[in-house]
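Next comes data_28.tsv, a file with TSV, C-alpha atoms.
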chain	number	residue	atom	x	y	z
A	1	MET	CA	-21.56	-52.75	7.22
A	2	THR	CA	-20.08	-50.08	9.51
A	3	THR	CA	-16.67	-48.41	9.60
A	4	LYS	CA	-15.92	-50.57	12.65
A	5	ASP	CA	-16.72	-53.79	10.74
A	6	LEU	CA	-14.48	-52.70	7.88
A	7	ILE	CA	-11.57	-51.85	10.17
A	8	ASP	CA	-11.74	-55.40	11.55
A	9	LYS	CA	-12.45	-57.23	8.30
A	10	VAL	CA	-10.00	-55.65	5.87
A	11	GLY	CA	-7.42	-54.42	8.37
A	12	LEU	CA	-7.69	-50.63	8.25
A	13	ARG	CA	-5.80	-48.40	10.69
A	14	PRO	CA	-7.83	-45.48	12.10
A	15	LEU	CA	-5.82	-42.25	12.46
A	16	SER	CA	-8.38	-39.60	13.37
A	17	THR	CA	-10.99	-39.57	16.11
A	18	PHE	CA	-14.54	-40.11	14.80
A	19	GLU	CA	-17.81	-41.85	15.45
A	20	HIS	CA	-18.45	-45.09	13.59
A	21	ARG	CA	-21.16	-44.99	10.95
A	22	ASP	CA	-22.75	-47.09	8.24
A	23	VAL	CA	-20.99	-47.55	4.94
A	24	ASN	CA	-23.24	-47.96	1.90
A	25	GLY	CA	-20.74	-48.23	-0.95
A	26	VAL	CA	-17.22	-47.52	-2.16
A	27	PHE	CA	-15.92	-44.69	-4.33
A	28	VAL	CA	-12.38	-44.59	-5.71
A	29	SER	CA	-10.80	-41.39	-7.00
A	30	ASP	CA	-7.83	-39.12	-6.53
A	31	MET	CA	-9.44	-36.16	-8.28
A	32	LEU	CA	-11.41	-33.98	-5.88
A	33	SER	CA	-13.97	-32.80	-8.44
A	34	ASP	CA	-14.65	-36.43	-9.27
A	35	VAL	CA	-15.40	-37.11	-5.61
A	36	MET	CA	-17.66	-34.05	-5.52
A	37	ALA	CA	-19.55	-35.27	-8.58
A	38	GLY	CA	-19.66	-39.00	-7.95
A	39	ALA	CA	-19.25	-39.97	-4.29
A	40	LYS	CA	-22.49	-40.54	-2.41
A	41	SER	CA	-23.26	-39.67	1.16
A	42	GLY	CA	-22.14	-42.64	3.28
A	43	ASN	CA	-19.58	-43.98	0.79
A	44	LEU	CA	-16.10	-45.16	1.68
A	45	TRP	CA	-13.67	-42.93	-0.26
A	46	LEU	CA	-10.42	-44.60	-1.35
A	47	THR	CA	-7.61	-42.26	-2.36
A	48	VAL	CA	-3.85	-41.78	-2.35
A	49	GLN	CA	-4.22	-38.05	-1.62
A	50	THR	CA	-3.17	-37.09	1.90
A	51	HIS	CA	-3.08	-33.29	1.94
A	52	LYS	CA	-5.37	-31.29	4.16
A	53	SER	CA	-8.02	-30.45	1.58
A	54	ILE	CA	-9.27	-34.05	1.45
A	55	VAL	CA	-10.95	-33.31	4.78
A	56	PRO	CA	-13.26	-30.49	3.63
A	57	ALA	CA	-13.96	-32.52	0.49
A	58	ALA	CA	-14.97	-35.55	2.57
A	59	ASN	CA	-17.02	-33.38	4.88
A	60	LEU	CA	-18.86	-31.67	2.02
A	61	VAL	CA	-19.89	-34.85	0.22
A	62	ASP	CA	-20.46	-36.53	3.58
A	63	VAL	CA	-18.49	-39.72	2.93
A	64	ALA	CA	-18.47	-42.29	5.75
A	65	ALA	CA	-14.66	-42.41	5.81
A	66	ILE	CA	-11.52	-41.56	3.86
A	67	VAL	CA	-9.32	-44.59	3.24
A	68	VAL	CA	-5.74	-43.72	2.32
A	69	THR	CA	-4.31	-46.65	0.41
A	70	GLY	CA	-0.79	-47.90	-0.20
A	71	GLY	CA	0.19	-47.33	3.44
A	72	LYS	CA	0.99	-43.71	2.75
A	73	ASP	CA	1.97	-41.42	5.61
A	74	VAL	CA	-0.78	-38.94	6.37
A	75	PRO	CA	0.40	-35.52	7.60
A	76	GLN	CA	-0.56	-34.77	11.20
A	77	GLU	CA	-2.37	-31.56	10.17
A	78	THR	CA	-4.66	-33.62	7.92
A	79	VAL	CA	-5.40	-36.00	10.80
A	80	ASP	CA	-6.03	-33.12	13.23
A	81	LEU	CA	-8.40	-31.38	10.84
A	82	ALA	CA	-10.26	-34.66	10.28
A	83	SER	CA	-10.65	-35.17	14.03
A	84	LYS	CA	-11.99	-31.64	14.35
A	85	TYR	CA	-14.75	-32.40	11.83
A	86	ASN	CA	-15.39	-35.93	13.05
A	87	ILE	CA	-14.17	-37.40	9.74
A	88	ALA	CA	-12.71	-40.90	9.77
A	89	ILE	CA	-9.28	-41.30	8.18
A	90	LEU	CA	-8.33	-44.95	7.83
A	91	VAL	CA	-5.12	-46.26	6.33
A	92	SER	CA	-4.67	-49.48	4.38
A	93	ASP	CA	-1.25	-50.91	3.59
A	94	LEU	CA	-2.70	-52.50	0.45
A	95	PRO	CA	-2.56	-50.72	-2.90
A	96	THR	CA	-5.94	-49.44	-4.11
A	97	PHE	CA	-6.55	-52.35	-6.52
A	98	GLU	CA	-6.02	-55.02	-3.89
A	99	LEU	CA	-8.10	-53.22	-1.29
A	100	VAL	CA	-10.95	-52.86	-3.77
A	101	GLY	CA	-10.74	-56.61	-4.38
A	102	LYS	CA	-11.02	-57.35	-0.68
A	103	LEU	CA	-13.91	-54.92	-0.22
A	104	TYR	CA	-15.75	-56.39	-3.20
A	105	ALA	CA	-15.24	-59.90	-1.85
A	106	LEU	CA	-17.11	-58.92	1.34
A	107	GLY	CA	-20.26	-59.03	-0.78
A	108	SER	CA	-21.92	-55.99	0.80
A	109	PHE	CA	-20.88	-53.52	-1.88
A	110	ALA	CA	-21.45	-55.56	-5.07
A	111	ARG	CA	-23.90	-53.99	-7.48
B	1	MET	CA	6.93	3.35	13.12
B	2	ASP	CA	6.09	6.51	11.18
B	3	ASN	CA	4.38	5.85	7.95
B	4	GLU	CA	3.15	9.22	6.88
B	5	VAL	CA	3.85	9.11	3.19
B	6	GLY	CA	0.59	10.02	1.51
B	7	HIS	CA	-0.61	8.45	-1.65
B	8	PRO	CA	0.21	10.95	-4.45
B	9	ASP	CA	-3.28	10.97	-5.91
B	10	ARG	CA	-5.21	11.64	-2.76
B	11	PRO	CA	-4.69	13.76	0.30
B	12	LEU	CA	-4.29	12.11	3.66
B	13	ALA	CA	-7.38	12.10	5.79
B	14	ARG	CA	-6.90	13.34	9.30
B	15	GLY	CA	-10.42	12.84	10.48
B	16	GLU	CA	-11.11	11.35	13.85
B	17	ALA	CA	-14.55	9.89	14.22
B	18	GLY	CA	-16.36	10.68	17.43
B	19	SER	CA	-15.30	8.08	19.87
B	20	LYS	CA	-16.98	8.68	23.23
B	21	GLY	CA	-19.77	6.55	24.57
B	22	ALA	CA	-20.68	2.99	25.36
B	23	ALA	CA	-18.85	-0.08	24.16
B	24	VAL	CA	-19.82	-1.34	20.71
B	25	GLU	CA	-19.58	-4.97	19.64
B	26	ILE	CA	-17.10	-5.50	16.82
B	27	ARG	CA	-19.62	-7.72	15.10
B	28	ARG	CA	-22.10	-4.83	14.95
B	29	ILE	CA	-19.44	-2.63	13.38
B	30	LYS	CA	-18.75	-5.32	10.82
B	31	ASP	CA	-22.44	-5.64	10.00
B	32	ALA	CA	-22.97	-1.88	9.80
B	33	LEU	CA	-20.05	-1.53	7.40
B	34	ASP	CA	-21.13	-4.49	5.31
B	35	ALA	CA	-17.52	-5.56	5.84
B	36	VAL	CA	-15.80	-8.81	5.00
B	37	ILE	CA	-13.55	-10.56	7.48
B	38	ILE	CA	-9.87	-10.79	6.64
B	39	GLU	CA	-8.90	-12.12	10.05
B	40	ALA	CA	-11.06	-12.48	13.13
B	41	ASP	CA	-10.57	-15.77	14.96
B	42	ASP	CA	-13.16	-15.48	17.72
B	43	ASN	CA	-12.40	-11.86	18.56
B	44	LEU	CA	-15.44	-10.65	16.63
B	45	GLU	CA	-17.47	-11.16	19.80
B	46	GLY	CA	-15.41	-8.54	21.64
B	47	THR	CA	-16.29	-4.86	22.09
B	48	VAL	CA	-14.45	-1.60	21.54
B	49	ASP	CA	-14.80	1.67	23.46
B	50	HIS	CA	-13.60	4.03	20.75
B	51	ILE	CA	-13.30	4.40	16.99
B	52	TYR	CA	-10.24	6.09	15.53
B	53	ALA	CA	-10.16	7.06	11.85
B	54	SER	CA	-6.83	8.07	10.38
B	55	ASP	CA	-4.31	7.34	7.66
B	56	LEU	CA	-1.44	8.75	9.69
B	57	MET	CA	0.08	6.08	11.86
B	58	SER	CA	1.94	8.55	14.06
B	59	ASP	CA	-1.45	10.10	14.90
B	60	VAL	CA	-2.72	6.67	15.81
B	61	LEU	CA	0.22	6.18	18.13
B	62	ALA	CA	-0.06	9.70	19.60
B	63	PHE	CA	-3.82	10.03	20.05
B	64	GLY	CA	-5.34	6.57	19.75
B	65	LYS	CA	-6.84	5.20	22.95
B	66	PRO	CA	-6.56	1.58	23.98
B	67	ASN	CA	-9.49	-0.67	23.12
B	68	SER	CA	-10.30	1.15	19.88
B	69	ILE	CA	-10.79	0.03	16.33
B	70	LEU	CA	-8.86	1.78	13.57
B	71	LEU	CA	-10.46	2.88	10.31
B	72	THR	CA	-7.81	3.47	7.70
B	73	GLY	CA	-7.05	3.56	4.01
B	74	LEU	CA	-3.48	2.50	4.68
B	75	ALA	CA	-3.60	-1.15	3.70
B	76	THR	CA	-0.20	-2.17	4.97
B	77	ARG	CA	1.37	-4.12	7.79
B	78	GLN	CA	2.39	-0.80	9.33
B	79	ALA	CA	-1.26	0.02	9.98
B	80	VAL	CA	-1.78	-3.31	11.72
B	81	ILE	CA	1.44	-3.01	13.73
B	82	SER	CA	0.52	0.54	14.77
B	83	ALA	CA	-2.92	-0.63	15.87
B	84	HIS	CA	-1.27	-3.34	17.94
B	85	MET	CA	1.18	-0.86	19.51
B	86	ALA	CA	-1.70	1.48	20.40
B	87	GLU	CA	-3.51	-1.49	22.00
B	88	PHE	CA	-6.37	-1.41	19.50
B	89	LYS	CA	-8.66	-4.38	18.99
B	90	GLY	CA	-8.56	-4.31	15.22
B	91	VAL	CA	-8.38	-2.50	11.91
B	92	VAL	CA	-11.01	-1.78	9.26
B	93	PHE	CA	-9.63	-1.07	5.80
B	94	ILE	CA	-11.84	1.23	3.76
B	95	ARG	CA	-12.70	1.38	0.06
B	96	GLY	CA	-12.36	-2.37	-0.35
B	97	LYS	CA	-8.65	-2.37	0.42
B	98	THR	CA	-6.94	-5.42	1.80
B	99	PRO	CA	-3.29	-5.64	2.79
B	100	LYS	CA	-1.37	-8.21	0.80
B	101	ASP	CA	1.80	-8.31	2.85
B	102	GLY	CA	1.16	-10.94	5.51
B	103	SER	CA	-0.68	-8.50	7.78
B	104	ASP	CA	-3.25	-11.19	8.44
B	105	HIS	CA	-0.60	-13.43	10.03
B	106	PHE	CA	0.55	-10.60	12.26
B	107	ALA	CA	-3.07	-9.90	13.19
B	108	ARG	CA	-3.72	-13.54	14.00
B	109	ASP	CA	-0.63	-13.78	16.18
B	110	HIS	CA	-1.67	-10.67	18.11
B	111	HIS	CA	-5.43	-11.36	18.27
B	112	LEU	CA	-6.45	-8.39	16.15
B	113	VAL	CA	-9.55	-8.32	14.00
B	114	LEU	CA	-9.01	-7.23	10.38
B	115	LEU	CA	-12.02	-6.18	8.30
B	116	SER	CA	-12.43	-4.68	4.87
B	117	THR	CA	-15.37	-2.49	3.83
B	118	HIS	CA	-16.27	-1.19	0.40
B	119	LEU	CA	-17.36	2.11	1.99
B	120	ASP	CA	-15.18	5.22	2.01
B	121	MET	CA	-14.00	6.81	5.23
B	122	TYR	CA	-16.88	9.29	5.46
B	123	ASP	CA	-19.63	6.74	4.96
B	124	ALA	CA	-17.90	4.22	7.21
B	125	CYS	CA	-17.76	6.79	10.03
B	126	LEU	CA	-21.41	7.70	9.53
B	127	ARG	CA	-22.52	4.10	9.65
B	128	ILE	CA	-20.59	3.40	12.86
B	129	GLU	CA	-21.95	6.59	14.40
B	130	SER	CA	-25.49	5.41	13.72
B	131	VAL	CA	-24.72	2.08	15.38
B	132	LYS	CA	-23.28	3.86	18.41
B	133	ARG	CA	-26.46	5.91	18.63
B	134	GLY	CA	-28.42	2.68	18.60
B	135	GLU	CA	-29.94	3.21	15.19
B	136	THR	CA	-30.32	0.44	12.70
B	137	PRO	CA	-27.80	0.98	9.96
B	138	ALA	CA	-29.03	1.49	6.43
B	139	ALA	CA	-30.30	-1.72	4.90
B	140	GLN	CA	-27.51	-3.74	3.39
B	141	PRO	CA	-27.79	-4.37	-0.31
B	142	ALA	CA	-29.03	-7.95	-0.54
B	143	ALA	CA	-27.37	-9.85	-3.33
B	144	VAL	CA	-30.65	-11.59	-4.00
B	145	ALA	CA	-32.87	-9.91	-6.54
B	146	GLY	CA	-36.53	-9.37	-5.91
B	147	GLY	CA	-36.25	-7.72	-2.50
B	148	GLU	CA	-37.30	-10.80	-0.58
B	149	GLU	CA	-36.86	-11.00	3.15
B	150	LEU	CA	-33.27	-11.93	3.94
B	151	LEU	CA	-33.17	-14.80	6.42
B	152	LEU	CA	-29.43	-15.03	6.55
B	153	SER	CA	-26.40	-13.41	4.98
B	154	ARG	CA	-22.75	-14.12	5.44
B	155	GLU	CA	-19.58	-12.78	3.83
B	156	LEU	CA	-16.38	-14.77	3.62
B	157	VAL	CA	-13.00	-14.42	1.93
B	158	ILE	CA	-11.06	-16.98	-0.12
B	159	ASN	CA	-7.34	-16.41	-0.59
B	160	GLY	CA	-5.81	-17.46	-3.88
B	161	ASN	CA	-3.05	-20.06	-3.85
B	162	ASP	CA	-3.86	-21.04	-0.25
B	163	PHE	CA	-4.08	-24.76	-0.89
B	164	ALA	CA	-3.78	-25.54	2.82
B	165	SER	CA	-7.12	-23.83	3.55
B	166	ALA	CA	-8.82	-24.92	0.35
B	167	GLY	CA	-12.36	-26.02	1.11
B	168	MET	CA	-12.71	-24.23	4.44
B	169	VAL	CA	-15.02	-21.52	3.11
B	170	SER	CA	-17.42	-24.06	1.63
B	171	THR	CA	-17.23	-25.99	4.90
B	172	GLU	CA	-18.32	-22.82	6.71
B	173	VAL	CA	-21.14	-22.29	4.21
B	174	LYS	CA	-22.32	-25.85	4.80
B	175	SER	CA	-22.25	-25.46	8.60
B	176	VAL	CA	-24.17	-22.19	8.44
B	177	LEU	CA	-26.86	-23.65	6.19
B	178	LYS	CA	-27.17	-26.78	8.30
B	179	THR	CA	-27.85	-24.74	11.42
B	180	ILE	CA	-30.95	-23.16	9.88
B	181	GLY	CA	-32.45	-26.56	9.22
B	182	LEU	CA	-32.48	-26.72	5.41
B	183	ASP	CA	-32.86	-30.04	3.59
B	184	PRO	CA	-29.47	-31.84	3.83
B	185	LYS	CA	-29.61	-32.78	0.13
B	186	LEU	CA	-30.03	-29.15	-0.83
B	187	VAL	CA	-27.26	-28.09	1.54
B	188	ARG	CA	-25.02	-30.71	-0.04
B	189	ARG	CA	-25.64	-29.28	-3.53
B	190	VAL	CA	-24.83	-25.77	-2.31
B	191	ALA	CA	-21.73	-27.02	-0.49
B	192	ILE	CA	-20.42	-28.90	-3.54
B	193	SER	CA	-21.00	-25.93	-5.85
B	194	THR	CA	-19.33	-23.55	-3.42
B	195	TYR	CA	-16.40	-25.94	-3.06
B	196	GLU	CA	-15.85	-26.03	-6.82
B	197	GLY	CA	-16.02	-22.24	-6.97
B	198	GLU	CA	-13.62	-22.00	-4.05
B	199	MET	CA	-11.13	-24.36	-5.73
B	200	ASN	CA	-11.16	-22.22	-8.86
B	201	VAL	CA	-10.28	-19.17	-6.77
B	202	VAL	CA	-7.51	-21.02	-4.92
B	203	MET	CA	-6.04	-22.22	-8.22
B	204	HIS	CA	-6.50	-19.23	-10.48
B	205	ALA	CA	-7.30	-15.99	-8.64
B	206	LYS	CA	-5.71	-13.64	-6.10
B	207	ARG	CA	-8.63	-13.59	-3.73
B	208	ALA	CA	-12.40	-13.57	-3.68
B	209	ARG	CA	-15.30	-12.39	-1.62
B	210	VAL	CA	-18.06	-14.85	-1.05
B	211	ALA	CA	-21.56	-13.62	-0.26
B	212	LEU	CA	-24.09	-16.15	0.97
B	213	SER	CA	-27.71	-15.00	1.18
B	214	VAL	CA	-30.79	-16.98	2.05
B	215	THR	CA	-34.38	-15.85	1.51
B	216	PRO	CA	-37.49	-17.99	2.08
B	217	HIS	CA	-37.23	-19.28	-1.51
B	218	ILE	CA	-33.64	-18.96	-2.68
B	219	ILE	CA	-30.12	-19.66	-1.52
B	220	GLU	CA	-27.65	-17.51	-3.39
B	221	VAL	CA	-23.87	-17.80	-3.34
B	222	VAL	CA	-21.85	-15.12	-5.10
B	223	ILE	CA	-18.11	-15.64	-5.53
B	224	ALA	CA	-16.44	-12.52	-6.88
B	225	ASP	CA	-12.73	-12.86	-7.49
B	226	GLU	CA	-9.86	-10.61	-8.42
B	227	GLY	CA	-7.98	-12.67	-10.93
B	228	LYS	CA	-7.07	-13.29	-14.50
B	229	GLY	CA	-10.61	-13.87	-15.72
B	230	ILE	CA	-11.85	-16.50	-18.17
B	231	PRO	CA	-11.17	-15.71	-21.85
B	232	ASP	CA	-13.70	-18.23	-23.18
B	233	VAL	CA	-16.49	-19.18	-20.80
B	234	ASN	CA	-17.99	-21.77	-23.16
B	235	LEU	CA	-14.66	-23.56	-23.32
B	236	ALA	CA	-14.34	-23.42	-19.53
B	237	MET	CA	-17.78	-25.01	-19.20
B	238	GLN	CA	-16.64	-28.08	-21.15
B	239	GLU	CA	-16.00	-31.15	-19.04
B	240	GLY	CA	-12.30	-31.92	-18.81
B	241	TYR	CA	-11.09	-28.53	-20.05
B	242	THR	CA	-8.49	-27.27	-17.59
B	243	THR	CA	-5.76	-24.66	-17.28
B	244	ALA	CA	-4.45	-26.08	-13.99
B	245	THR	CA	-0.75	-26.81	-13.59
B	246	GLU	CA	0.65	-30.33	-13.23
B	247	GLU	CA	1.35	-29.58	-9.59
B	248	MET	CA	-2.29	-28.69	-8.90
B	249	ARG	CA	-3.45	-31.77	-10.77
B	250	ALA	CA	-1.13	-33.95	-8.71
B	251	MET	CA	-2.99	-32.73	-5.63
B	252	GLY	CA	-6.26	-33.79	-7.19
B	253	PHE	CA	-7.40	-30.31	-8.25
B	254	GLY	CA	-8.04	-29.06	-11.73
B	255	SER	CA	-9.60	-32.03	-13.48
B	256	GLY	CA	-11.71	-29.65	-15.55
B	257	MET	CA	-14.93	-30.60	-13.81
B	258	GLY	CA	-15.41	-27.55	-11.59
B	259	LEU	CA	-17.78	-25.36	-13.58
B	260	PRO	CA	-19.66	-28.36	-15.07
B	261	ASN	CA	-20.16	-29.69	-11.51
B	262	ILE	CA	-21.57	-26.33	-10.43
B	263	LYS	CA	-23.90	-26.24	-13.41
B	264	LYS	CA	-25.11	-29.72	-12.52
B	265	ASN	CA	-25.79	-28.83	-8.88
B	266	ALA	CA	-27.12	-25.28	-9.07
B	267	ASP	CA	-30.57	-24.35	-10.32
B	268	GLU	CA	-29.10	-21.25	-11.90
B	269	LEU	CA	-25.51	-20.30	-12.71
B	270	LEU	CA	-24.43	-16.91	-14.02
B	271	ILE	CA	-20.82	-16.25	-14.98
B	272	ASN	CA	-19.49	-12.79	-15.57
B	273	SER	CA	-15.82	-12.64	-16.39
B	274	GLU	CA	-13.45	-9.96	-17.52
B	275	VAL	CA	-9.95	-10.93	-18.63
B	276	GLY	CA	-7.34	-9.29	-16.43
B	277	ARG	CA	-9.86	-8.29	-13.75
B	278	GLY	CA	-11.69	-11.30	-12.46
B	279	THR	CA	-14.68	-13.55	-12.49
B	280	THR	CA	-17.99	-13.42	-10.66
B	281	LEU	CA	-20.09	-16.54	-10.23
B	282	VAL	CA	-23.68	-16.27	-9.11
B	283	MET	CA	-25.17	-19.59	-8.06
B	284	ARG	CA	-28.81	-19.88	-7.07
B	285	PHE	CA	-30.65	-22.79	-5.50
B	286	LYS	CA	-34.41	-23.04	-5.04
B	287	ILE	CA	-35.56	-23.96	-1.57

Could you write out this structure as structure tokens?
Amino acid sequence: MTTKDLIDKVGLRPLSTFEHRDVNGVFVSDMLSDVMAGAKSGNLWLTVQTHKSIVPAANLVDVAAIVVTGGKDVPQETVDLASKYNIAILVSDLPTFELVGKLYALGSFAR
Amino acid sequence: MDNEVGHPDRPLARGEAGSKGAAVEIRRIKDALDAVIIEADDNLEGTVDHIYASDLMSDVLAFGKPNSILLTGLATRQAVISAHMAEFKGVVFIRGKTPKDGSDHFARDHHLVLLSTHLDMYDACLRIESVKRGETPAAQPAAVAGGEELLLSRELVINGNDFASAGMVSTEVKSVLKTIGLDPKLVRRVAISTYEGEMNVVMHAKRARVALSVTPHIIEVVIADEGKGIPDVNLAMQEGYTTATEEMRAMGFGSGMGLPNIKKNADELLINSEVGRGTTLVMRFKI
């Protein structure tokens, strides 16, 4: 499953410029240290955080994409920084719980 | 523009370092002085024709030549503005001083380099003189013990309370390590540990110097902050223990996992903290 597949299948809106890559799992957290400790390289990171420091966090743990849930507005400076580091920021209008349900139902990320 | 009021406990230096000769790269001056970057953008690659050492800004304006770098103990915006007026390329603050009055913004807007060295004026002048004469400056003290060959060293600065730039220093550390072809998994562990250390500085300290050194066997990251210090390190090492504010926690910082995450990722973690002065973290990773 790639970021491109996910954009089409669960209706995510890309905001930054990035290259598509493989997604190997999903990690949900709004605490940055939690992401540092638990997210794996290549994971999709679901969060409601939108401030600029999500970009270095995503870059450092090497997630496949940041997904901002609940249709939140993402500040332009966050998007610009993400584009600079080739980090995908995708927005979903669904709340986190519902998006997780849809992602799980795809079957690729079940454990 | 005059700013000649001397500090009561020390006389004003009026020395002017020898300044004739060929152009010197600013980066070489930085390396020779073992200086940390306060503000540089990409102007570090430029050169200067002269060095001017003074604490008297009216002297700078009267005698400074364009395309110089200023060495001064006057850590204020006035020094930076004077350097700009005299068409200097940048300012080096001596004895570890750093201006805390928005000088860095002024410098950025006017493309000036700002550096800070722990050396005093005399030693700083000597070191630059040896660079100008084409000599190799005295070996820099490697943070890594054991006197191993230093493959790479880098100094960076983290500013406390700068949430907008939080994570940028660790991002730089990651990029630097990636370029020398280290195992990505190892680089990731270093990056995550540095990030946690950086977040602690952003949340709790005034500022910190970060020293990254790489030898054939060890990567070492030292984060030395000026801050309030940790009263009880054992307590701080406990998962979930936090002194972050609600506001920080709302941004996703301060879940009390920082130091435990570092301990998990680093092969060795040393913490030296003094309440009211600051905390130094030494993180080591085996290659």

My list of candidates is A:Ser41, A:Thr17, A:Ser53, A:Thr47. Which is closest to chain B when distances are computed with all atoms listed in the file?
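Looking at the shortest contact to chain B, the residue is A:Ser53.
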
May I have a table of the residues of chain B lying at most 8 Å from chain A, giving each one's closest pair of atoms and their distance in Å to one decimal, counting only C-alpha atoms, ordered by chain and ascending residue number, as a Markdown table?
| residue | atom | partner | partner_atom | distance |
| --- | --- | --- | --- | --- |
| B:Phe163 | CA | A:Ser53 | CA | 7.3 |
| B:Ala164 | CA | A:Lys52 | CA | 6.1 |
| B:Ser165 | CA | A:Ser53 | CA | 7.0 |
| B:Ala166 | CA | A:Ser53 | CA | 5.7 |
| B:Gly167 | CA | A:Pro56 | CA | 5.2 |
| B:Met168 | CA | A:Pro56 | CA | 6.3 |
| B:Ser170 | CA | A:Leu60 | CA | 7.8 |
| B:Thr171 | CA | A:Pro56 | CA | 6.1 |
| B:Lys174 | CA | A:Leu60 | CA | 7.3 |
| B:Arg188 | CA | A:Leu60 | CA | 6.6 |
| B:Ala191 | CA | A:Leu60 | CA | 6.0 |
| B:Ile192 | CA | A:Met36 | CA | 6.2 |
| B:Tyr195 | CA | A:Ala57 | CA | 7.9 |
| B:Glu196 | CA | A:Ser33 | CA | 7.2 |
| B:Arg249 | CA | A:Met31 | CA | 7.8 |
| B:Met251 | CA | A:Gln49 | CA | 6.8 |
| B:Gly252 | CA | A:Met31 | CA | 4.1 |
| B:Phe253 | CA | A:Leu32 | CA | 5.9 |
| B:Gly254 | CA | A:Ser33 | CA | 7.7 |
| B:Ser255 | CA | A:Met31 | CA | 6.6 |
| B:Met257 | CA | A:Ser33 | CA | 5.9 |
| B:Gly258 | CA | A:Ser33 | CA | 6.3 |
| B:Asn261 | CA | A:Ala37 | CA | 6.3 |

Next, write the just-selected residues to a file, as a PDB file, in the coordinates of the input, keeping C-alpha atoms as the atom set.
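Generated output (again_39.pdb):
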ATOM      1  CA  PHE B 163      -4.080 -24.760  -0.890  1.00  0.00           C
ATOM      2  CA  ALA B 164      -3.780 -25.540   2.820  1.00  0.00           C
ATOM      3  CA  SER B 165      -7.120 -23.830   3.550  1.00  0.00           C
ATOM      4  CA  ALA B 166      -8.820 -24.920   0.350  1.00  0.00           C
ATOM      5  CA  GLY B 167     -12.360 -26.020   1.110  1.00  0.00           C
ATOM      6  CA  MET B 168     -12.710 -24.230   4.440  1.00  0.00           C
ATOM      7  CA  SER B 170     -17.420 -24.060   1.630  1.00  0.00           C
ATOM      8  CA  THR B 171     -17.230 -25.990   4.900  1.00  0.00           C
ATOM      9  CA  LYS B 174     -22.320 -25.850   4.800  1.00  0.00           C
ATOM     10  CA  ARG B 188     -25.020 -30.710  -0.040  1.00  0.00           C
ATOM     11  CA  ALA B 191     -21.730 -27.020  -0.490  1.00  0.00           C
ATOM     12  CA  ILE B 192     -20.420 -28.900  -3.540  1.00  0.00           C
ATOM     13  CA  TYR B 195     -16.400 -25.940  -3.060  1.00  0.00           C
ATOM     14  CA  GLU B 196     -15.850 -26.030  -6.820  1.00  0.00           C
ATOM     15  CA  ARG B 249      -3.450 -31.770 -10.770  1.00  0.00           C
ATOM     16  CA  MET B 251      -2.990 -32.730  -5.630  1.00  0.00           C
ATOM     17  CA  GLY B 252      -6.260 -33.790  -7.190  1.00  0.00           C
ATOM     18  CA  PHE B 253      -7.400 -30.310  -8.250  1.00  0.00           C
ATOM     19  CA  GLY B 254      -8.040 -29.060 -11.730  1.00  0.00           C
ATOM     20  CA  SER B 255      -9.600 -32.030 -13.480  1.00  0.00           C
ATOM     21  CA  MET B 257     -14.930 -30.600 -13.810  1.00  0.00           C
ATOM     22  CA  GLY B 258     -15.410 -27.550 -11.590  1.00  0.00           C
ATOM     23  CA  ASN B 261     -20.160 -29.690 -11.510  1.00  0.00           C
TER      24      ASN B 261
END

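With all atoms listed in the file taken into account, the protein and nucleic acid residues at most 6 Å from Ser273 of chain B (excluding it and anything under 5 positions from it in its own chain) are Gly229, Ile230, Gly278 and Thr279 of chain B.
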
Kindly export the residues of the current selection with C-alpha atoms, as a PDB file, keeping the file's coordinate frame.
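This is the output file out-v5.pdb:
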ATOM      1  CA  GLY B 229     -10.610 -13.870 -15.720  1.00  0.00           C
ATOM      2  CA  ILE B 230     -11.850 -16.500 -18.170  1.00  0.00           C
ATOM      3  CA  GLY B 278     -11.690 -11.300 -12.460  1.00  0.00           C
ATOM      4  CA  THR B 279     -14.680 -13.550 -12.490  1.00  0.00           C
TER       5      THR B 279
END

Report task. Quick one: pull the distance between atom CA of Gly70 of chain A and atom CA of Leu6 of chain A, Å, one decimal. Result ->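 Separation of atom CA of Gly70 of chain A and atom CA of Leu6 of chain A: 16.6 Å.
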
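A search radius of 6 Å centred on (-34.2, -24.0, -9.8), applied to only C-alpha atoms, returns the residues Asp267, Phe285 and Lys286 of chain B.
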
Generate the output file for the selected residues, C-alpha atoms, as a PDB file, in the coordinates of the input.
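Writing done, so here's again-v8.pdb:
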ATOM      1  CA  ASP B 267     -30.570 -24.350 -10.320  1.00  0.00           C
ATOM      2  CA  PHE B 285     -30.650 -22.790  -5.500  1.00  0.00           C
ATOM      3  CA  LYS B 286     -34.410 -23.040  -5.040  1.00  0.00           C
TER       4      LYS B 286
END

- Residue contacts of segment 88-95 of chain A (10 Å, all atoms listed in the file) excluding same-chain residues fewer than 3 positions away, as a PyMOL selection string: chain A and resi 3+6-7+10-21+44-48+50+54-55+58-59+63-74+78-79+82-83+85+98-100+102

For Leu114 of chain B, the closest of B:Asp42, B:Glu198, B:Glu239, B:Glu274 counting only C-alpha atoms is B:Asp42

Can we get segment 54-63 of chain A of that structure written down with C-alpha atoms, as a short mmCIF file (atom, residue, chain, number, x, y, z; two decimals), in the first residue's frame?
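Below is the file that was written, out25.cif:
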data_model
loop_
_atom_site.label_atom_id
_atom_site.label_comp_id
_atom_site.auth_asym_id
_atom_site.auth_seq_id
_atom_site.Cartn_x
_atom_site.Cartn_y
_atom_site.Cartn_z
CA ILE A 54 5.42 17.87 13.61
CA VAL A 55 7.61 18.12 10.50
CA PRO A 56 11.01 17.55 12.16
CA ALA A 57 9.38 14.84 14.28
CA ALA A 58 8.08 13.07 11.15
CA ASN A 59 11.41 13.50 9.42
CA LEU A 60 13.38 12.10 12.36
CA VAL A 61 11.32 8.95 12.80
CA ASP A 62 10.98 8.70 9.02
CA VAL A 63 7.21 8.19 8.86
#
